[in-house]
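In what follows, a single structure is set out as structure tokens and then discussed.
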Amino acid sequence: FFGNRTELCISWRDFNDPESGISHYNVGFKSKCLTCPDIANYTDLPHDKHSLCIGSPDVQRSLVHKDYYYAYVIAFNGGHASLSTTAFTSNPIMFDNTPPSIGQLIEVNAICGEKNIEFTSQTSRYDVQWQGFNDPESNIDKYNLIIERYSDKVHNKATTPSQTWPSISLERNAKSYSLEGLHLNHGDFVRSTLASVNGANLTSSKQSSGVSVDLTPPTINFFRQGSDSSKNVVYQKFTDKIPLTYSAEDFESGIHKTTLELIEYAEGQTHIIGIPNSELLSNTTNSLKRNYTLPGLSLTPGHRYSVRMTVQNRAQLTAIQETVGLVVDVTPPTILLAKILNPSMSNGQQTEQEEAEVHDDVIITHSRDLLDL
């Protein structure tokens, strides 16, 4: 394959004549077939030349994308009769005038398997994957990868890299690369440029979106039971839900995911109860403040429950906080004994007291006076 539209090139070796030696060469190019006319006048070269590039206007006009061409060398010996031998290229050479098609180049987290990431908390490695690079005429021959680092540019990408690693040459079947042994800092921005080279030595390049380094987890400002953000509810009568209020923020990579776990404390043991649809947030935001009711529960009266919240940012860092806990109480108070006072007694004198009987929360007394409870 070749892709240079301005010239045709050929090289040769191992032509030999032990008796009279090689005196000179005739070199030319043909299109489509061995018996077809030359696409340019052949060139006569001395015996010590072993390569040639022809770039005449005739050659340039003759080159057609996806057409095949042959090169030939006629070697003449130094004898009186100038005997010759002719060698053709064993296979025709296709003219490929188009670079490879550009595919997709993305940063990934090779440890957790997440793809197309924009933020990372990894400081010692950089991972990139690609797909979709193709060349139907001359195929992909190799890849060249360049990785650049920009310092302290989480929000405003720098235009000049602070570090550029040497170009990495990769075989045609490569689909990923990991650069390890790095020492990245919080706020660094790393991206790569992949050049795909086809068999005609034509190149297409793709630059990745880049990934920013975030080494700080989200901040949970508060997480409380109840709908009032200023205080915690420590008792409740509901057995099927727990009201919550919370606030969290992450201004580097944003809050990516928030999940809840229900924890039950009873008889000296702790149980983590699975919650269906426990993920509260799947869309990224920088700050979050809301009231939320954890529904569909089956709480046991008398048991204590708390809720654990995990907030994850886009760099896979998490912050965890648990509520102080609450006790489920579904029964009203029980009145065991009530004493009633005679309001006629005053001036600090000892008041008459009568004990009242309590039957099913109804007070029965035998006093005939007007009494206050």
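Each chain in the structure tokens gets a letter, A, B and so on, in the order shown; residues start at 1 in every chain, and ligands are counted from 1 in the order they appear.
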
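For A:Ile320, the residues within 7 Å (counting only C-alpha atoms, excluding itself and residues fewer than 3 positions away along the chain) are Met309, Thr310 and Val311 of chain A.
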
Residues from the last selection, C-alpha atoms, saved as a PDB file, in the first residue's frame:
ATOM      1  CA  MET A 309     -26.070   7.433  53.881  1.00  0.00           C
ATOM      2  CA  THR A 310     -23.185   7.010  51.409  1.00  0.00           C
ATOM      3  CA  VAL A 311     -22.421   9.919  49.077  1.00  0.00           C
TER       4      VAL A 311
END

Could you build a table of the residues in stretch 314-334 of chain A lying no more than 12 Å from stretch 245-255 of chain A, giving for each the nearest pair of atoms and their separation in Å rounded to one decimal place, using only C-alpha atoms, ordered by chain and ascending residue number, as JSON lines?
{"residue": "A:Arg314", "atom": "CA", "partner": "A:Ser253", "partner_atom": "CA", "distance": 5.4}
{"residue": "A:Ala315", "atom": "CA", "partner": "A:Ser253", "partner_atom": "CA", "distance": 6.6}
{"residue": "A:Gln316", "atom": "CA", "partner": "A:Ser253", "partner_atom": "CA", "distance": 9.6}
{"residue": "A:Leu317", "atom": "CA", "partner": "A:Ile255", "partner_atom": "CA", "distance": 9.7}
{"residue": "A:Thr318", "atom": "CA", "partner": "A:Ile255", "partner_atom": "CA", "distance": 9.4}
{"residue": "A:Ala319", "atom": "CA", "partner": "A:Ala248", "partner_atom": "CA", "distance": 9.4}
{"residue": "A:Ile320", "atom": "CA", "partner": "A:Ala248", "partner_atom": "CA", "distance": 10.7}
{"residue": "A:Gln321", "atom": "CA", "partner": "A:Tyr246", "partner_atom": "CA", "distance": 10.3}
{"residue": "A:Glu322", "atom": "CA", "partner": "A:Tyr246", "partner_atom": "CA", "distance": 11.0}
{"residue": "A:Thr323", "atom": "CA", "partner": "A:Tyr246", "partner_atom": "CA", "distance": 10.2}

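Nearest residue to A:Ile272 among A:Gln122, A:Ser306, A:Ser230, A:Asn41 is A:Ser306, counting only C-alpha atoms.
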
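The space between atom CA of A:Asp228 and atom CA of A:Glu279 spans 21.9 Å.
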